[in-house]
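So this block is run-v9.txt, compact mmCIF, C-alpha atoms:
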# COMPACT_ATOMS: atom_id res chain seq x y z
CA HIS L 264 -63.47 -74.58 -4.35
CA VAL L 265 -64.51 -71.05 -3.41
CA ARG L 266 -65.29 -69.98 -6.96
CA ALA L 267 -68.87 -68.96 -7.66
CA ALA L 268 -70.45 -67.29 -10.67
CA TRP L 269 -71.68 -64.35 -8.58
CA LEU L 270 -68.27 -63.84 -6.92
CA THR L 271 -66.13 -63.71 -10.07
CA PRO L 272 -67.26 -60.22 -11.23
CA ILE L 273 -66.67 -58.90 -7.70
CA MET L 274 -63.12 -60.28 -7.71
CA GLU L 275 -62.54 -58.74 -11.14
CA VAL L 276 -63.63 -55.32 -9.85
CA ILE L 277 -61.46 -55.65 -6.75
CA SER L 278 -58.50 -56.57 -8.94
CA PHE L 279 -59.24 -53.65 -11.27
CA MET L 280 -59.08 -51.19 -8.35
CA VAL L 281 -55.27 -51.49 -8.25
CA THR L 282 -54.69 -50.83 -11.94
CA PRO L 283 -53.29 -47.53 -13.23
CA ILE L 284 -56.54 -45.61 -13.94
CA PRO L 285 -58.19 -46.10 -10.51
CA LEU L 286 -54.88 -45.58 -8.70
CA ILE L 287 -54.17 -42.35 -10.58
CA ALA L 288 -57.70 -41.15 -9.76
CA CYS L 289 -57.09 -41.97 -6.09
CA LEU L 290 -53.73 -40.18 -6.17
CA PHE L 291 -55.43 -37.10 -7.59
CA ALA L 292 -58.17 -37.22 -4.91
CA ILE L 293 -55.63 -37.72 -2.11
CA SER L 294 -53.52 -34.85 -3.40
CA LEU L 295 -56.51 -32.51 -3.58
CA GLY L 296 -57.73 -33.57 -0.14
CA ALA L 297 -54.32 -33.02 1.42
CA ARG L 298 -53.90 -29.62 -0.22
CA ALA L 299 -57.34 -28.57 1.03
CA ARG L 300 -56.07 -29.32 4.54
CA GLY L 301 -52.89 -27.33 3.90
CA VAL L 302 -50.63 -30.38 3.64
CA ARG L 303 -48.36 -30.31 0.61
CA GLY L 304 -46.40 -33.16 -0.89
CA VAL L 305 -48.74 -36.04 -0.05
CA GLY L 306 -49.72 -36.62 -3.67
CA ALA L 307 -46.09 -36.68 -4.77
CA LEU L 308 -45.18 -38.93 -1.84
CA CYS L 309 -47.90 -41.41 -2.89
CA ALA L 310 -47.04 -41.21 -6.60
CA VAL L 311 -43.31 -41.80 -6.10
CA ASN L 312 -44.18 -44.69 -3.78
CA LEU L 313 -46.26 -46.37 -6.49
CA VAL L 314 -43.67 -45.79 -9.19
CA GLY L 315 -40.92 -47.19 -6.98
CA SER L 316 -42.87 -50.29 -6.02
CA THR L 317 -43.81 -50.87 -9.68
CA VAL L 318 -40.17 -50.65 -10.77
CA LEU L 319 -39.19 -53.05 -7.98
CA ASN L 320 -41.94 -55.45 -9.10
CA GLN L 321 -40.77 -55.40 -12.71
CA VAL L 322 -37.15 -55.99 -11.70
CA LEU L 323 -38.14 -58.95 -9.52
CA LYS L 324 -40.35 -60.42 -12.28
CA PHE L 325 -37.49 -60.08 -14.78
CA ILE L 326 -35.00 -61.77 -12.43
CA ILE L 327 -37.28 -64.63 -11.32
CA GLN L 328 -39.38 -65.22 -14.47
CA ARG L 329 -41.87 -67.58 -12.85
CA PRO L 330 -44.68 -68.61 -15.21
CA ARG L 331 -48.28 -67.99 -14.24
CA PRO L 332 -50.63 -70.82 -13.23
CA ASP L 333 -51.93 -72.97 -16.06
CA VAL L 334 -54.21 -71.14 -18.47
CA SER L 335 -57.01 -73.63 -17.74
CA LEU L 336 -57.14 -72.34 -14.14
CA ARG L 337 -57.42 -68.64 -15.04
CA LEU L 338 -60.68 -66.74 -15.06
CA VAL L 339 -59.10 -63.73 -16.79
CA ASP L 340 -56.63 -63.46 -19.64
CA ILE L 341 -53.28 -62.03 -18.61
CA GLY L 342 -49.68 -62.30 -19.76
CA GLY L 343 -46.32 -61.76 -18.19
CA PHE L 344 -44.63 -63.42 -15.28
CA SER L 345 -46.28 -64.42 -12.04
CA PHE L 346 -43.79 -63.79 -9.24
CA PRO L 347 -44.25 -61.52 -7.36
CA SER L 348 -47.83 -60.38 -7.85
CA GLY L 349 -47.86 -56.81 -9.16
CA HIS L 350 -51.41 -56.20 -7.97
CA SER L 351 -50.47 -57.37 -4.47
CA MET L 352 -47.38 -55.17 -4.46
CA ALA L 353 -49.39 -52.17 -5.66
CA ALA L 354 -52.10 -52.77 -3.05
CA MET L 355 -49.58 -53.08 -0.23
CA ALA L 356 -47.57 -50.09 -1.42
CA PHE L 357 -50.57 -47.82 -2.00
CA PHE L 358 -52.86 -48.80 0.87
CA GLY L 359 -49.89 -49.49 3.15
CA LEU L 360 -48.63 -45.93 2.69
CA LEU L 361 -52.14 -44.68 3.41
CA VAL L 362 -52.08 -46.71 6.64
CA TRP L 363 -48.80 -45.02 7.53
CA LEU L 364 -50.23 -41.56 6.74
CA VAL L 365 -53.46 -42.19 8.65
CA TRP L 366 -51.55 -43.54 11.64
CA HIS L 367 -49.37 -40.42 11.77
CA ARG L 368 -51.99 -37.81 10.96
CA VAL L 369 -55.39 -38.81 12.36
CA ARG L 370 -55.91 -37.88 16.00
CA ASP L 371 -59.09 -39.73 16.86
CA PRO L 372 -57.96 -43.22 17.90
CA ARG L 373 -61.22 -44.92 16.86
CA LEU L 374 -61.20 -43.28 13.43
CA ARG L 375 -57.50 -44.01 13.02
CA THR L 376 -57.95 -47.68 13.94
CA GLY L 377 -61.05 -48.06 11.76
CA LEU L 378 -59.41 -46.51 8.70
CA CYS L 379 -56.28 -48.59 9.14
CA ALA L 380 -58.36 -51.76 9.49
CA LEU L 381 -60.30 -50.98 6.30
CA LEU L 382 -57.10 -50.30 4.37
CA CYS L 383 -55.57 -53.56 5.63
CA ILE L 384 -58.70 -55.46 4.59
CA ALA L 385 -58.41 -53.88 1.12
CA ILE L 386 -54.83 -55.17 0.83
CA VAL L 387 -55.81 -58.72 1.78
CA VAL L 388 -58.87 -58.76 -0.50
CA VAL L 389 -56.79 -57.66 -3.50
CA GLY L 390 -54.34 -60.48 -2.84
CA PHE L 391 -57.16 -63.00 -2.50
CA SER L 392 -58.70 -61.78 -5.76
CA ARG L 393 -55.51 -62.58 -7.67
CA VAL L 394 -55.46 -66.17 -6.43
CA TYR L 395 -59.23 -66.51 -6.92
CA LEU L 396 -58.92 -65.36 -10.54
CA GLY L 397 -56.23 -68.00 -11.09
CA VAL L 398 -53.54 -65.60 -12.28
CA HIS L 399 -51.23 -66.06 -9.29
CA TYR L 400 -50.17 -68.67 -6.82
CA ALA L 401 -50.60 -67.77 -3.15
CA SER L 402 -46.80 -67.56 -2.87
CA ASP L 403 -46.80 -64.84 -5.57
CA VAL L 404 -49.22 -62.78 -3.50
CA ILE L 405 -47.35 -63.31 -0.23
CA ALA L 406 -44.07 -62.40 -1.94
CA GLY L 407 -45.68 -59.26 -3.37
CA PHE L 408 -46.88 -58.24 0.08
CA CYS L 409 -43.45 -58.89 1.61
CA ALA L 410 -41.53 -57.05 -1.12
CA SER L 411 -43.82 -54.03 -0.76
CA LEU L 412 -43.56 -54.09 3.04
CA ILE L 413 -39.77 -53.94 2.74
CA TRP L 414 -40.12 -51.17 0.14
CA LEU L 415 -42.49 -49.24 2.45
CA ALA L 416 -40.21 -49.57 5.46
CA VAL L 417 -37.35 -48.02 3.52
CA TYR L 418 -39.50 -45.50 1.66
CA THR L 419 -41.24 -44.11 4.74
CA LYS L 420 -37.89 -43.70 6.52
CA VAL L 421 -36.40 -41.84 3.56
CA ALA L 422 -39.37 -39.96 2.08
CA GLY L 423 -41.52 -39.55 5.19
CA PRO L 424 -39.32 -36.87 6.75
CA LEU L 425 -39.55 -34.86 3.53
CA LEU L 426 -43.13 -34.06 4.50
CA ALA L 427 -43.68 -31.64 7.32
CA ALA L 428 -43.21 -33.30 10.68
CA PRO L 429 -46.08 -35.75 11.06
CA GLU L 430 -48.78 -34.24 13.20
CA ARG L 431 -52.17 -35.65 13.92
CA VAL L 432 -55.25 -33.94 12.53
CA ASP L 433 -58.96 -34.57 12.96

Structure rendered as C-alpha cells:
Amino acid sequence: HVRAAWLTPIMEVISFMVTPIPLIACLFAISLGARARGVRGVGALCAVNLVGSTVLNQVLKFIIQRPRPDVSLRLVDIGGFSFPSGHSMAAMAFFGLLVWLVWHRVRDPRLRTGLCALLCIAIVVVGFSRVYLGVHYASDVIAGFCASLIWLAVYTKVAGPLLAAPERVD
C-alpha cells in the first residue's frame, strides 16, 4: 500500500546503489581517500569484505533455494533465488564495515555519530527498497541483514587487526 508512481524510480536508484558498478566506484573512492590520509589497506579490507559476503550470499541462496515473490508483485524483472536478499547483504556488509571504520577512526563524536546514523539509514533504506520493488519478502531482507552482521562480526575480528591499530582521526 506504500507504492506510488513517484517513489518507484527512487527505490530503483536506491537498489542500484548496491550493485557492482556503484560499489566498485565507492571502493575506489574509499581507497584513494584512505591513502591520501596515509592509511593503507582500507580499500582491500572493503573489497575482501564485499567478496566474502557475496560468496556467503550465493552459498546460502544455493542451499535454501527459496523462490522470489510472485512475478505479478514485482516492479522490476529479476531472476534467481530470493533468500537471503543479496542487496541487503551487500548493503549491510559494505555500509556496516564503513560504520565500523568510522567508529574506530573518527575522533569528533558528533561527526562519528552522524556518519554512523547516515550509514545505518542507508542500510535500512536498501532493504526497504527490495521489499517495495516486490523482489523479496521482508524475511529475505532481515535474513540478509543478519547473515551480513554475523559475517561482519567475524570479518572485523579477523581482518580488522591487519590494518594498523585503529586510531581516531579528524

Can you tell me which residues surround Arg375 in chain L at a distance of at most 12 Å, considering only C-alpha atoms, apart from same-chain residues fewer than 4 positions away, and format the answer as number ranges by chain?
L: 361-371, 379-382, 431-433

Skipping near chain neighbours, those fewer than 2 positions away, what residues fall within 9 Å of Asp403 in chain L using all atoms listed in the file, listed as an NGL selection string?
:L and (345-349 or 351 or 394 or 399-401 or 405-408)

Find the distance between CA of Arg337 in chain L and CA of Leu412 in chain L and write it in Å to one decimal.
27.0 Å

Counting all atoms listed in the file, find the residues whose atoms lie at most 12 Å from (-41.3, -54.3, -12.7) (file coordinates) and write them out as a VMD selection string.
chain L and resid 313 to 328 343 to 350 352 to 353 407 410

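Across the model, the gap from CA of Cys309 in chain L to CA of Ile341 in chain L is 26.5 Å.
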
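Here CA of Gly397 in chain L and CA of Pro332 in chain L stand 6.6 Å from one another.
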
Between L:Leu308, L:Leu336, L:Leu378, L:Ala385, which is the closest to Leu415 in chain L once you count only C-alpha atoms?
L:Leu308

Mind giving me the axis-aligned box for range 350-355 of chain L with 5 Å on every side, centre plus edges in Å to one decimal, as lines of an AutoDock Vina configuration file?
center_x = -49.7
center_y = -54.8
center_z = -4.1
size_x = 14.7
size_y = 15.2
size_z = 17.7

Excluding same-chain residues fewer than 2 positions from Tyr395 in chain L, what lies within 12 Å of it counting only C-alpha atoms, as a ChimeraX atom specification?
/L:264-268,270-275,277-278,332,336-339,388-393,397-401,404

Could you check which of L:Leu396, L:Ala422, L:Ala292, L:Val281 is closest to Asn312 in chain L, using all atoms listed in the file?
L:Ala422

Between L:Trp414, L:Arg331, L:Trp269, L:Phe358, which has the minimum distance to Leu290 in chain L (counting only C-alpha atoms)?
L:Phe358
